[in-house]
Structure formats: C-alpha cells, structure tokens
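Shown next: run.csv, given as CSV, C-alpha atoms.
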chain,number,residue,atom,x,y,z
A,223,MET,CA,0.0,0.0,0.0
A,224,ASN,CA,2.8,2.3,1.0
A,225,LYS,CA,4.7,1.5,-2.2
A,226,LYS,CA,1.5,2.2,-4.3
A,227,LYS,CA,1.1,5.5,-2.5
A,228,SER,CA,4.7,6.6,-2.9
A,229,SER,CA,4.5,5.7,-6.6
A,230,ILE,CA,1.6,8.1,-7.0
A,231,PHE,CA,3.5,10.9,-5.3
A,232,SER,CA,6.8,10.1,-7.0
A,233,GLY,CA,6.2,12.4,-10.0
A,234,MET,CA,7.6,15.3,-8.1
A,235,LEU,CA,10.9,13.9,-6.7
A,236,GLY,CA,11.5,10.2,-7.3
A,237,ASN,CA,10.3,10.1,-10.9
A,238,ASN,CA,10.5,13.7,-12.0
A,239,ILE,CA,9.5,14.1,-15.7
A,240,VAL,CA,12.3,16.5,-16.6
A,241,LEU,CA,15.2,15.2,-14.5
A,242,SER,CA,14.4,11.5,-14.6
A,243,SER,CA,12.5,11.0,-17.9
A,244,LEU,CA,14.0,13.9,-19.8
A,245,MET,CA,10.6,15.0,-21.0
A,246,VAL,CA,9.7,18.7,-21.9
A,247,VAL,CA,13.4,19.7,-21.7
A,248,SER,CA,13.5,22.2,-24.6
A,249,PRO,CA,11.5,24.9,-22.8
A,250,VAL,CA,13.6,24.4,-19.7
A,251,ILE,CA,16.9,24.8,-21.7
A,252,ILE,CA,15.9,27.7,-23.9
A,253,CYS,CA,13.3,29.7,-21.9
A,254,GLY,CA,14.3,28.9,-18.3
A,255,ASP,CA,16.8,31.7,-18.1
A,256,THR,CA,14.7,34.1,-16.0
A,257,LEU,CA,12.1,33.7,-13.2
A,258,LYS,CA,9.5,35.6,-15.3
A,259,ASN,CA,9.8,33.2,-18.2
A,260,ALA,CA,9.8,30.3,-15.8
A,261,ALA,CA,6.5,31.6,-14.2
A,262,ALA,CA,4.9,32.0,-17.5
A,263,LEU,CA,5.9,28.5,-18.6
A,264,VAL,CA,4.8,27.0,-15.3
A,265,TYR,CA,1.4,28.5,-15.9
A,266,ALA,CA,1.2,27.4,-19.5
A,267,PHE,CA,2.4,23.9,-18.8
A,268,SER,CA,0.2,23.3,-15.8
A,269,ALA,CA,-2.9,24.7,-17.4
A,270,ILE,CA,-2.5,23.0,-20.8
A,271,THR,CA,-1.4,19.6,-19.4
A,272,PHE,CA,-3.9,19.4,-16.6
A,273,LEU,CA,-6.9,20.3,-18.8
A,274,SER,CA,-5.8,18.3,-21.8
A,275,VAL,CA,-5.2,15.1,-19.8
A,276,MET,CA,-8.4,15.5,-17.9
A,277,ILE,CA,-10.4,15.9,-21.1
A,278,SER,CA,-8.5,13.2,-22.9
A,279,SER,CA,-9.2,10.7,-20.1
A,280,PHE,CA,-12.7,10.5,-21.4
A,281,VAL,CA,-11.5,9.2,-24.8
A,282,PRO,CA,-12.6,5.5,-25.2
A,283,THR,CA,-9.8,3.2,-24.4
A,284,LYS,CA,-11.0,0.7,-27.1
A,285,LEU,CA,-9.8,3.0,-29.9
A,286,SER,CA,-6.5,2.1,-31.6
A,287,TYR,CA,-3.3,3.6,-30.3
A,288,THR,CA,-2.8,5.9,-33.4
A,289,VAL,CA,-6.3,7.3,-33.2
A,290,LYS,CA,-6.0,8.0,-29.5
A,291,ILE,CA,-2.7,9.8,-29.9
A,292,ILE,CA,-4.2,12.0,-32.6
A,293,ILE,CA,-7.2,12.8,-30.5
A,294,TYR,CA,-5.0,13.7,-27.5
A,295,ALA,CA,-3.0,16.1,-29.7
A,296,ILE,CA,-6.1,17.7,-31.2
A,297,ILE,CA,-7.6,18.2,-27.7
A,298,SER,CA,-4.4,19.8,-26.4
A,299,SER,CA,-4.2,22.1,-29.4
A,300,PHE,CA,-7.8,23.2,-28.6
A,301,VAL,CA,-6.9,23.7,-24.9
A,302,TYR,CA,-3.9,25.8,-26.0
A,303,ILE,CA,-6.1,28.5,-27.5
A,304,PRO,CA,-7.9,29.8,-24.3
A,305,VAL,CA,-4.7,29.2,-22.2
A,306,LYS,CA,-2.8,31.5,-24.7
A,307,LEU,CA,-5.5,34.1,-24.6
A,308,ALA,CA,-5.4,34.1,-20.8
A,309,ALA,CA,-1.6,34.3,-20.8
A,310,GLN,CA,-1.8,37.4,-22.9
A,311,GLU,CA,-3.9,39.0,-20.1
A,312,PHE,CA,-2.0,37.7,-17.0
A,313,PHE,CA,1.6,37.6,-18.4
A,314,PRO,CA,1.9,40.5,-20.8
A,315,GLY,CA,4.8,40.0,-23.2
A,316,ALA,CA,5.4,36.4,-22.0
A,317,VAL,CA,3.9,34.7,-25.1
A,318,GLU,CA,6.2,36.7,-27.4
A,319,ARG,CA,9.2,36.0,-25.1
A,320,ILE,CA,8.6,32.3,-25.0
A,321,GLY,CA,7.8,32.2,-28.7
A,322,ILE,CA,7.4,28.7,-30.3
A,323,TYR,CA,7.9,27.0,-26.9
A,324,PHE,CA,4.4,28.1,-25.8
A,325,PRO,CA,2.6,26.1,-28.5
A,326,LEU,CA,5.1,23.3,-28.2
A,327,LEU,CA,3.9,22.7,-24.6
A,328,ALA,CA,0.6,21.7,-26.1
A,329,VAL,CA,2.1,18.6,-27.8
A,330,ASN,CA,4.4,17.6,-24.9
A,331,SER,CA,5.2,14.0,-24.2
A,332,LEU,CA,3.3,13.9,-20.9
A,333,ILE,CA,0.0,14.7,-22.6
A,334,ILE,CA,0.5,12.6,-25.8
A,335,PHE,CA,2.5,9.5,-24.7
A,336,ARG,CA,3.0,9.2,-20.9
A,337,SER,CA,-0.7,9.7,-20.2
A,338,GLU,CA,-1.6,6.9,-22.6
A,339,ALA,CA,1.1,4.5,-21.3
A,340,GLU,CA,0.6,5.1,-17.6
A,341,LEU,CA,-2.0,7.6,-16.4
A,342,TYR,CA,-5.1,6.4,-18.1
A,343,LYS,CA,-4.5,2.9,-16.8
A,344,LEU,CA,-5.0,4.1,-13.2
A,345,PRO,CA,-8.3,4.8,-11.3
A,346,LYS,CA,-9.4,8.4,-11.9
A,347,ASP,CA,-8.5,9.7,-8.4
A,348,HIS,CA,-5.0,8.2,-8.5
A,349,MET,CA,-4.6,9.5,-12.0
A,350,ILE,CA,-5.4,13.1,-10.9
A,351,VAL,CA,-3.1,13.0,-8.0
A,352,LYS,CA,-0.3,11.5,-10.1
A,353,LEU,CA,-0.8,14.0,-12.8
A,354,ILE,CA,-0.7,16.9,-10.3
A,355,PHE,CA,2.6,15.6,-8.9
A,356,TYR,CA,4.1,15.2,-12.4
A,357,ILE,CA,3.0,18.8,-13.1
A,358,LEU,CA,4.5,20.0,-9.8
A,359,GLY,CA,7.7,18.2,-10.6
A,360,PHE,CA,8.0,20.1,-13.8
A,361,ASP,CA,7.1,23.4,-12.1
A,362,ALA,CA,9.7,22.9,-9.4
A,363,VAL,CA,12.5,22.2,-11.9
A,364,MET,CA,11.4,25.2,-14.1
A,365,ILE,CA,11.4,27.6,-11.1
A,366,ALA,CA,14.7,26.3,-9.8
A,367,THR,CA,16.3,26.6,-13.2
A,368,GLY,CA,14.9,30.1,-13.8
A,369,PHE,CA,16.1,31.3,-10.4
A,370,VAL,CA,19.6,29.9,-10.6
A,371,ARG,CA,20.2,30.9,-14.2
A,372,GLU,CA,18.8,34.4,-13.8
A,373,LEU,CA,20.9,34.9,-10.6
A,374,PHE,CA,24.2,33.8,-12.2
A,375,ALA,CA,23.6,34.9,-15.8
A,376,TYR,CA,22.1,38.4,-15.2
A,377,GLY,CA,22.8,39.0,-11.5
A,378,THR,CA,19.1,39.6,-10.8
A,379,ILE,CA,16.3,37.8,-9.1
A,380,ASN,CA,12.9,38.4,-10.8
A,381,GLY,CA,14.4,41.5,-12.4
A,382,ARG,CA,15.8,43.0,-9.2
A,383,ILE,CA,19.5,43.5,-9.1
A,384,VAL,CA,21.4,41.5,-6.5
A,385,ASP,CA,25.1,41.5,-5.6
A,386,VAL,CA,26.7,38.9,-7.9
A,387,ASN,CA,30.3,39.7,-8.5
A,388,THR,CA,30.9,37.8,-11.7
A,389,PRO,CA,27.9,37.0,-13.8
A,390,VAL,CA,28.2,34.0,-16.1
A,391,ILE,CA,26.4,35.3,-19.2
A,392,GLY,CA,26.7,32.0,-21.0
A,393,LEU,CA,24.3,30.5,-18.6
A,394,ALA,CA,21.5,32.4,-20.3
A,395,GLN,CA,22.4,30.9,-23.7
A,396,PRO,CA,21.1,27.5,-25.0
A,397,PHE,CA,24.5,25.9,-24.3
A,398,GLY,CA,24.3,27.2,-20.8
A,399,GLY,CA,20.9,25.6,-20.5
A,400,PHE,CA,22.2,22.2,-21.7
A,401,ILE,CA,25.1,22.2,-19.3
A,402,PHE,CA,23.1,23.5,-16.3
A,403,LEU,CA,20.4,20.9,-16.9
A,404,GLY,CA,23.0,18.1,-17.3
A,405,LEU,CA,24.6,19.1,-13.9
A,406,PHE,CA,21.1,19.5,-12.3
A,407,CYS,CA,20.2,16.0,-13.6
A,408,GLY,CA,23.4,14.5,-12.1
A,409,LEU,CA,22.9,16.2,-8.8
A,410,TYR,CA,19.3,15.0,-8.7
A,411,ARG,CA,20.4,11.4,-9.4
A,412,CYS,CA,23.1,11.7,-6.7
A,413,ILE,CA,20.6,12.9,-4.1
A,414,ARG,CA,18.0,10.3,-5.2
A,415,SER,CA,20.5,7.4,-4.9
A,416,ALA,CA,21.7,8.7,-1.5
A,417,VAL,CA,18.0,8.8,-0.3
A,418,ILE,CA,17.3,5.3,-1.6
A,419,ASN,CA,20.5,3.9,0.0
A,420,LYS,CA,19.5,5.6,3.3
A,421,LYS,CA,16.1,4.0,3.1
A,422,GLU,CA,17.6,0.6,2.4
A,423,ASP,CA,20.0,1.0,5.4
A,424,ILE,CA,17.1,2.0,7.6
A,425,ARG,CA,15.2,-1.1,6.4
A,426,SER,CA,18.1,-3.5,6.9
A,427,ASP,CA,18.7,-2.0,10.4
A,428,ALA,CA,15.1,-2.6,11.2
A,429,ASP,CA,15.4,-6.2,10.0
A,430,VAL,CA,18.4,-6.7,12.2
A,431,SER,CA,16.7,-5.3,15.3
A,432,CYS,CA,13.7,-7.5,14.6
A,433,LYS,CA,15.9,-10.5,14.6
B,72,MET,CA,34.5,25.8,-50.0
B,73,PHE,CA,30.7,25.7,-50.7
B,74,LEU,CA,30.5,22.4,-48.8
B,75,VAL,CA,32.2,24.0,-45.7
B,76,ASN,CA,29.8,27.0,-45.9
B,77,ASP,CA,26.8,24.7,-46.2
B,78,LEU,CA,28.0,22.6,-43.3
B,79,ILE,CA,28.5,25.7,-41.1
B,80,ALA,CA,25.0,27.0,-42.2
B,81,LEU,CA,23.5,23.6,-41.2
B,82,LEU,CA,25.2,23.7,-37.8
B,83,ALA,CA,24.3,27.3,-37.2
B,84,THR,CA,20.6,26.6,-38.0
B,85,ASN,CA,20.6,23.3,-36.2
B,86,LEU,CA,17.3,22.9,-34.3
B,87,ILE,CA,18.8,20.7,-31.6
B,88,LEU,CA,22.1,22.5,-30.9
B,89,THR,CA,20.6,26.0,-31.1
B,90,GLN,CA,17.0,25.5,-30.0
B,91,ALA,CA,17.1,22.2,-28.1
B,92,LEU,CA,14.2,20.8,-30.1
B,93,GLY,CA,13.9,17.0,-30.1
B,94,THR,CA,16.7,16.5,-27.5
B,95,SER,CA,15.2,13.4,-25.8
B,96,THR,CA,14.4,11.7,-29.2
B,97,LEU,CA,18.0,12.4,-30.2
B,98,PHE,CA,19.2,10.4,-27.1
B,99,ILE,CA,17.1,7.5,-28.3
B,100,ALA,CA,18.3,7.8,-31.9
B,101,ALA,CA,21.9,7.9,-30.9
B,102,GLY,CA,21.6,4.6,-29.0
B,103,SER,CA,22.1,2.4,-32.1
B,104,ARG,CA,22.7,2.7,-35.8
B,105,LYS,CA,19.3,1.2,-36.5
B,106,ASN,CA,17.5,3.7,-34.3
B,107,LEU,CA,19.5,6.6,-35.8
B,108,VAL,CA,18.6,5.7,-39.4
B,109,GLY,CA,14.9,4.9,-38.5
B,110,THR,CA,14.3,8.0,-36.4
B,111,ALA,CA,16.3,10.4,-38.6
B,112,PHE,CA,14.5,9.2,-41.7
B,113,MET,CA,11.0,9.5,-40.2
B,114,ILE,CA,11.8,12.9,-38.7
B,115,THR,CA,13.1,14.2,-42.1
B,116,ILE,CA,9.9,12.9,-43.8
B,117,PHE,CA,7.7,14.6,-41.2
B,118,THR,CA,9.6,17.9,-41.3
B,119,PHE,CA,9.8,17.9,-45.1
B,120,ALA,CA,6.1,17.0,-45.8
B,121,GLY,CA,4.9,19.0,-42.8
B,122,SER,CA,6.6,22.1,-44.1
B,123,VAL,CA,4.4,21.9,-47.2
B,124,SER,CA,1.3,21.8,-45.0
B,125,ALA,CA,2.7,24.7,-42.9
B,126,TYR,CA,3.1,26.7,-46.1
B,127,LEU,CA,-0.5,26.0,-47.1
B,128,ALA,CA,-1.8,26.8,-43.6
B,129,ASP,CA,0.1,30.1,-43.5
B,130,LYS,CA,-1.1,31.2,-46.9
B,131,LEU,CA,-4.7,30.1,-46.5
B,132,LEU,CA,-5.4,30.9,-42.8
B,133,PRO,CA,-6.5,34.5,-42.2
B,134,GLU,CA,-4.4,36.4,-39.7
B,135,LYS,CA,-7.2,36.8,-37.2
B,136,TYR,CA,-7.4,33.0,-36.9
B,137,SER,CA,-3.6,32.6,-36.2
B,138,ASP,CA,-4.3,31.0,-32.8
B,139,PHE,CA,-5.7,28.0,-34.8
B,140,LYS,CA,-2.3,27.5,-36.5
B,141,LEU,CA,-1.1,24.9,-34.1
B,142,LEU,CA,-4.4,23.0,-34.5
B,143,ILE,CA,-4.0,23.0,-38.2
B,144,TYR,CA,-0.4,21.8,-38.0
B,145,VAL,CA,-1.5,19.0,-35.6
B,146,ILE,CA,-4.2,17.9,-38.0
B,147,SER,CA,-1.8,18.0,-41.0
B,148,ILE,CA,0.8,15.9,-39.1
B,149,SER,CA,-1.9,13.5,-38.0
B,150,MET,CA,-3.0,13.0,-41.6
B,151,LEU,CA,0.6,12.4,-42.6
B,152,TYR,CA,0.9,10.0,-39.6
B,153,VAL,CA,-2.0,7.9,-40.8
B,154,ILE,CA,-0.9,8.0,-44.5
B,155,ILE,CA,2.7,6.9,-43.6
B,156,LEU,CA,1.4,4.1,-41.3
B,157,SER,CA,-1.1,2.9,-43.9
B,158,ALA,CA,1.4,3.0,-46.7
B,159,LEU,CA,4.0,1.1,-44.7
B,160,TYR,CA,1.3,-1.5,-43.8
B,161,PHE,CA,0.3,-2.1,-47.3
B,162,ILE,CA,3.8,-2.1,-48.8
B,163,SER,CA,5.4,-4.5,-46.4
B,164,ARG,CA,3.8,-6.0,-43.3
B,165,ASN,CA,7.1,-7.3,-42.0
B,166,ASN,CA,8.7,-3.9,-42.2
B,167,PHE,CA,5.6,-2.4,-40.6
B,168,GLU,CA,6.1,-4.2,-37.4
B,169,ASN,CA,9.8,-3.2,-37.2
B,170,SER,CA,9.5,0.4,-38.4
B,171,ARG,CA,6.2,1.7,-36.8
B,172,LYS,CA,7.9,2.5,-33.5
B,173,TYR,CA,10.0,5.1,-35.3
B,174,ILE,CA,6.9,6.6,-36.8
B,175,HIS,CA,5.2,6.8,-33.3
B,176,LEU,CA,8.4,8.3,-31.9
B,177,SER,CA,8.7,11.0,-34.5
B,178,VAL,CA,5.1,12.2,-34.8
B,179,PHE,CA,4.3,15.2,-32.6
B,180,ASN,CA,7.9,15.3,-31.7
B,181,CYS,CA,9.4,18.7,-30.7
B,182,ALA,CA,11.8,18.5,-33.7
B,183,VAL,CA,8.8,18.1,-36.1
B,184,MET,CA,6.3,20.6,-34.5
B,185,GLY,CA,9.1,23.0,-33.6
B,186,THR,CA,10.3,23.0,-37.3
B,187,LEU,CA,6.9,23.9,-38.5
B,188,LEU,CA,6.5,26.7,-36.0
B,189,THR,CA,10.0,28.0,-36.6
B,190,VAL,CA,9.6,28.0,-40.4
B,191,SER,CA,6.3,29.7,-40.1
B,192,GLY,CA,7.7,32.3,-37.7
B,193,ARG,CA,10.6,33.1,-39.9
B,194,ALA,CA,8.5,33.3,-43.1
B,195,SER,CA,7.3,36.5,-44.7
B,196,GLU,CA,4.5,37.0,-47.2
B,197,ASN,CA,6.8,36.4,-50.1
B,198,THR,CA,8.4,33.2,-48.8
B,199,SER,CA,7.9,30.5,-51.4
B,200,ILE,CA,7.0,26.9,-50.9
B,201,LEU,CA,10.5,25.9,-51.9
B,202,LYS,CA,11.9,27.8,-48.9
B,203,TYR,CA,9.5,26.0,-46.6
B,204,MET,CA,10.5,22.7,-48.0
B,205,ALA,CA,14.2,23.5,-47.9
B,206,ALA,CA,13.8,24.5,-44.2
B,207,GLY,CA,12.0,21.2,-43.5
B,208,LEU,CA,14.8,19.2,-45.2
B,209,GLU,CA,17.4,21.3,-43.3
B,210,ALA,CA,15.8,20.4,-40.0
B,211,GLY,CA,15.9,16.7,-40.8
B,212,THR,CA,19.5,16.9,-41.9
B,213,GLY,CA,20.3,18.9,-38.8
B,214,PHE,CA,18.8,16.1,-36.7
B,215,ILE,CA,21.0,13.6,-38.5
B,216,ILE,CA,24.2,15.7,-37.9
B,217,SER,CA,23.4,16.1,-34.2
B,218,ALA,CA,22.6,12.4,-33.9
B,219,LEU,CA,25.9,11.5,-35.6
B,220,ILE,CA,27.8,13.9,-33.3
B,221,LEU,CA,26.2,12.3,-30.2
B,222,THR,CA,26.7,8.7,-31.6
B,223,ALA,CA,30.4,9.4,-31.7
B,224,ALA,CA,30.6,9.8,-28.0
B,225,TYR,CA,27.6,7.7,-26.9
B,226,ARG,CA,29.5,4.6,-25.7
B,227,LYS,CA,32.0,6.7,-23.7
B,228,LEU,CA,29.3,8.8,-22.1
B,229,ASN,CA,27.5,5.6,-21.0
B,230,SER,CA,30.6,3.7,-19.9
B,231,ALA,CA,31.5,2.7,-16.4
B,232,ASN,CA,34.3,5.4,-16.4
B,233,VAL,CA,31.7,8.1,-16.0
B,234,PRO,CA,30.5,8.5,-12.4
B,235,ALA,CA,27.2,6.7,-11.9
B,236,ALA,CA,25.1,9.9,-11.2
B,237,PHE,CA,26.3,11.5,-14.5
B,238,ARG,CA,26.3,8.4,-16.7
B,239,GLY,CA,23.9,8.5,-19.6
B,240,PHE,CA,21.5,11.4,-19.9
B,241,PRO,CA,23.3,14.0,-17.7
B,242,ALA,CA,26.7,13.4,-19.4
B,243,MET,CA,25.1,13.5,-22.9
B,244,MET,CA,23.3,16.7,-22.0
B,245,ILE,CA,26.6,18.3,-20.9
B,246,TYR,CA,28.3,17.0,-24.0
B,247,LEU,CA,25.6,18.5,-26.2
B,248,GLY,CA,26.0,21.8,-24.3
B,249,ILE,CA,29.7,21.8,-25.2
B,250,ILE,CA,28.9,21.1,-28.9
B,251,SER,CA,26.2,23.8,-28.8
B,252,MET,CA,28.8,26.2,-27.3
B,253,ALA,CA,31.1,25.5,-30.3
B,254,VAL,CA,28.2,26.0,-32.7
B,255,TYR,CA,27.2,29.3,-30.9
B,256,SER,CA,30.7,30.6,-31.8
B,257,LEU,CA,29.9,30.2,-35.5
B,258,ILE,CA,26.7,32.3,-35.3

Translate this file's structure into structure tokens.
Amino acid sequence: MNKKKSSIFSGMLGNNIVLSSLMVVSPVIICGDTLKNAAALVYAFSAITFLSVMISSFVPTKLSYTVKIIIYAIISSFVYIPVKLAAQEFFPGAVERIGIYFPLLAVNSLIIFRSEAELYKLPKDHMIVKLIFYILGFDAVMIATGFVRELFAYGTINGRIVDVNTPVIGLAQPFGGFIFLGLFCGLYRCIRSAVINKKEDIRSDADVSCK
Amino acid sequence: MFLVNDLIALLATNLILTQALGTSTLFIAAGSRKNLVGTAFMITIFTFAGSVSAYLADKLLPEKYSDFKLLIYVISISMLYVIILSALYFISRNNFENSRKYIHLSVFNCAVMGTLLTVSGRASENTSILKYMAAGLEAGTGFIISALILTAAYRKLNSANVPAAFRGFPAMMIYLGIISMAVYSLI
C-alpha cells in the first residue's frame, strides 16, 4: 500500500518528468533563463497539461493507439487557445518572449505519450493525484532553473539587481541551459540514490533489530 | 568551400544545438545505428512534408485566426501519420512491425512541430513553398548531424568510467552543451 502511495506521489521527486525521464526539456533549456519566463511556462504547462489530460481521459480506451494519440494532440491544441489568450492577459509579453515553446507545450510527451502509457490505466482519483505531482515536478524544476540561471547569468532575481560579482552570461544561452540541466540532472540522481540507500539502510537496520 | 559553408550553415541553424528541439528523441536515436537511421528518416519525412502543409496553412489561414495555426499543424501531421502508417502497412507488413515505433516516436515530436512553428515564424508573405521545403529538409539533416555527433561519444558517455550519477543522460546533456557552445561561436 505504501509502495503504491509513494509511486503516485513520485512524480515530483523520485520520478521527475524532466530530471528523470527527460521530457519537456527544450522549454527548460531555452526559456528557463529568468524567473519571469519560468513563471509563464509554469502557468502554460500546468494549465494545458492538466486540462488536456483530464479531457483526454474520457476518450474511449478501445480505440486504436494511433487514433487515441491523434485525438489527444487535437484536444491539447484546442486547450492551448484559451490558455494562450489568458496568458496574454496575465503575463503580458510572455507569449512573445517564450515564442514557439508556448505552442510546443501543447504537444508535450506527458499529454501525448506518458498519459496513454501510464495515467489512463490508473483509477481516476489516482490519475489526478499522479498528474498533479508530475506537473508540480516540472514546475519545481522550471522555477529552480529560472532562479539559478537568472541569478548567475544576469545578476538579478525576478528582475531585481542583486550582488553577484561575476555574472556567467553564457548560462542564459542555450548551451548554458544544456550544461546546467546536465549538472542538475546529475545532482538529482546523486541525491536520489543517497536517499534510496539511506532508506535501504534503515530497512536493513530494522530487519536486524527485529531478529 | 561551398561544402564548408553549407556545413556551417547547417550547424548554425541546427534545431537541436541552437533550439534544443527534439533532444530526448536524439538520445534514443543515438543509441544504435538502426535507431539513428529509422528515427532520422522519419523525422526528415515529417519535417519535409509537414513544411508543405505549414506553407498552405500560413497562406490560406486569415491572420485573425492565427491562434488555430497549431491545431491545423497538428491535423496535418496527424494525416501524414495515418498516411505513412497505412502506406507502410500495405507495402510490407514485416517492415511495418519493425518500423512503426520510429513513426510513433517521430510524430508530434518537438523537432517536427518545432520546425513547422520556426519555419512559419521566420517566413514572410513572399516566402515560397520551396523555402519552406528547404527548411524542412534542413531540419531533418540537422537532426542527422546532431545524432551523428552524439553517436560518436555515446558509448564513452555511457561507460563505467563516468560517475554513476552522471552516466547517460546527464553526461550526454553536458556533451551537447559543449557542442552547442562551439556552434554558438559560429553564429
């Protein structure tokens, strides 16, 4: 039961869609250079993915894989339209700054492929919780990336100047995004394996004490 | 000299190295020669044929309905998806079983959709269909070049010499970052 529960919540840390599965990495690499961009992407990804997956979950499972994939993509392209219109109201200038990565979020692998392979096989309540944690996982990575890259590339936090002696301007470029995400991914794996090892140790200690 | 110029132009406009489009698919493609050929071939077909539909959509869709552009691109790629799957099924059923995974992997891929959106964003009213098609072909070729660059180091980046936490994806990401930095210096 605990294992089942932890697998539902694992989307945020243990099985993060960006750091673990390398899904939706292009917006993180290219647009995750400031907190403002990160916030706009968080909004767009969360809204498009949640609404699209929820609506797509009503698509009959009996249809063939190809037909289902096409229907999911069409649904998310429809959902993209009101989300974009709302973004123009709440995040003025963000749609232009993010450019092609905004519509690309509508055909992300979580909506099109992961949902079909994993989410729709779960009971509805589990699916919703798991989806929310997947989305939160992306949001956390996006915000952390935006924060660190803005701080070290521009010497600002959300546009406010802070005291950074030597800004690393390259961190705002696509190659900086690649390298940063690679390092972030490695750090994440390091922490994850340390946590798993610790849990294993605790379990084996418990076994010894029981004996 | 022309070849060198063309190669530099291909690198400078490379969708993966400059825009990070299709990165995760690239990692799958670089895994084996078979995957590389299959994925690169399918992505090139989708970007090439998709760019024609992007041209038609851009020319025929009134400006006030530009929000529906993505939907039209998705419908065009979906039609292409069905046509390619059906054609492969009727041509050779044995090949269909082996090759369909590359079609599923390439459709709605960031490299494909990103190409259509980039080509459309760069186009002006006078841009001809040939330029759209050339951009589609360029994107496919760019994917092949990036995949070849990654394939060259794939084994070493996945070897036991790399620390466990960085083995595989993280090391490949850093490697792509370094290549991307070199390409950035050409722009």

Could the residues of chain A that have an atom at most 7 Å from chain B be listed as a Markdown table, each with its closest atom pair and the distance in Å to one decimal, counting all atoms listed in the file and ordered by chain and ascending residue number?
| residue | atom | partner | partner_atom | distance |
| --- | --- | --- | --- | --- |
| A:Leu244 | CA | B:Ser95 | CA | 6.1 |
| A:Met245 | CA | B:Ser95 | CA | 6.8 |
| A:Ser248 | CA | B:Ala91 | CA | 5.0 |
| A:Ile251 | CA | B:Ala91 | CA | 6.9 |
| A:Ile252 | CA | B:Gln90 | CA | 6.6 |
| A:Ile292 | CA | B:Ser149 | CA | 6.1 |
| A:Ala295 | CA | B:Val145 | CA | 6.7 |
| A:Ile296 | CA | B:Leu142 | CA | 6.5 |
| A:Ser299 | CA | B:Leu142 | CA | 5.2 |
| A:Phe300 | CA | B:Leu142 | CA | 6.8 |
| A:Ile303 | CA | B:Asp138 | CA | 6.1 |
| A:Ile322 | CA | B:Leu188 | CA | 6.1 |
| A:Pro325 | CA | B:Leu141 | CA | 6.8 |
| A:Leu326 | CA | B:Gly185 | CA | 6.7 |
| A:Val329 | CA | B:Phe179 | CA | 6.3 |
| A:Pro396 | CA | B:Thr89 | CA | 6.3 |
| A:Phe397 | CA | B:Gly248 | CA | 4.4 |
| A:Gly398 | CA | B:Gly248 | CA | 6.7 |
| A:Phe400 | CA | B:Gly248 | CA | 4.6 |
| A:Ile401 | CA | B:Ile245 | CA | 4.5 |
| A:Gly404 | CA | B:Pro241 | CA | 4.1 |
| A:Leu405 | CA | B:Pro241 | CA | 6.5 |
| A:Cys407 | CA | B:Pro241 | CA | 5.5 |
| A:Gly408 | CA | B:Phe237 | CA | 4.8 |
| A:Arg411 | CA | B:Ala236 | CA | 5.3 |
| A:Cys412 | CA | B:Ala236 | CA | 5.2 |

Original post:
Hey, can you check how far CA of Tyr265 (chain A) sits from CA of Ile239 (chain A)?
Top reply: 16.5 Å

Original post:
What does the distance between CA of Phe369 (chain A) and CA of Ala262 (chain A) come to in Å, to one decimal place?
Top reply: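 Distance between the two atoms: 13.3 Å.
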
Subject >> Non-local contacts of Gly102 (chain B) (8 Å; all atoms listed in the file; under 4 positions in same chain excluded) as a PyMOL selection string >> reply: chain B and resi 98+106-107+222+225

**OP:** Please indicate the distance in Å from CA of Gly236 (chain A) to CA of Phe355 (chain A), rounded to one decimal place.
**Re:**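 Answer for the CA of Gly236 (chain A) to CA of Phe355 (chain A) separation: 10.5 Å.
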
Subject >> Distance query Ile354 (chain A) at most 12 Å, only C-alpha atoms, self and fewer than 3 positions along chain excluded, as a ChimeraX atom specification >> reply: /A:230-234,238-239,267-269,271-273,275-276,332,341,347-351,357-361

Original post:
Counting all atoms listed in the file, what is within 7 Å of Ala206 (chain B), bar same-chain residues fewer than 4 positions away, as a list in words?
Top reply: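 Near Ala206 (chain B), the qualifying residues are Val190, Lys202 and Ala210 of chain B.
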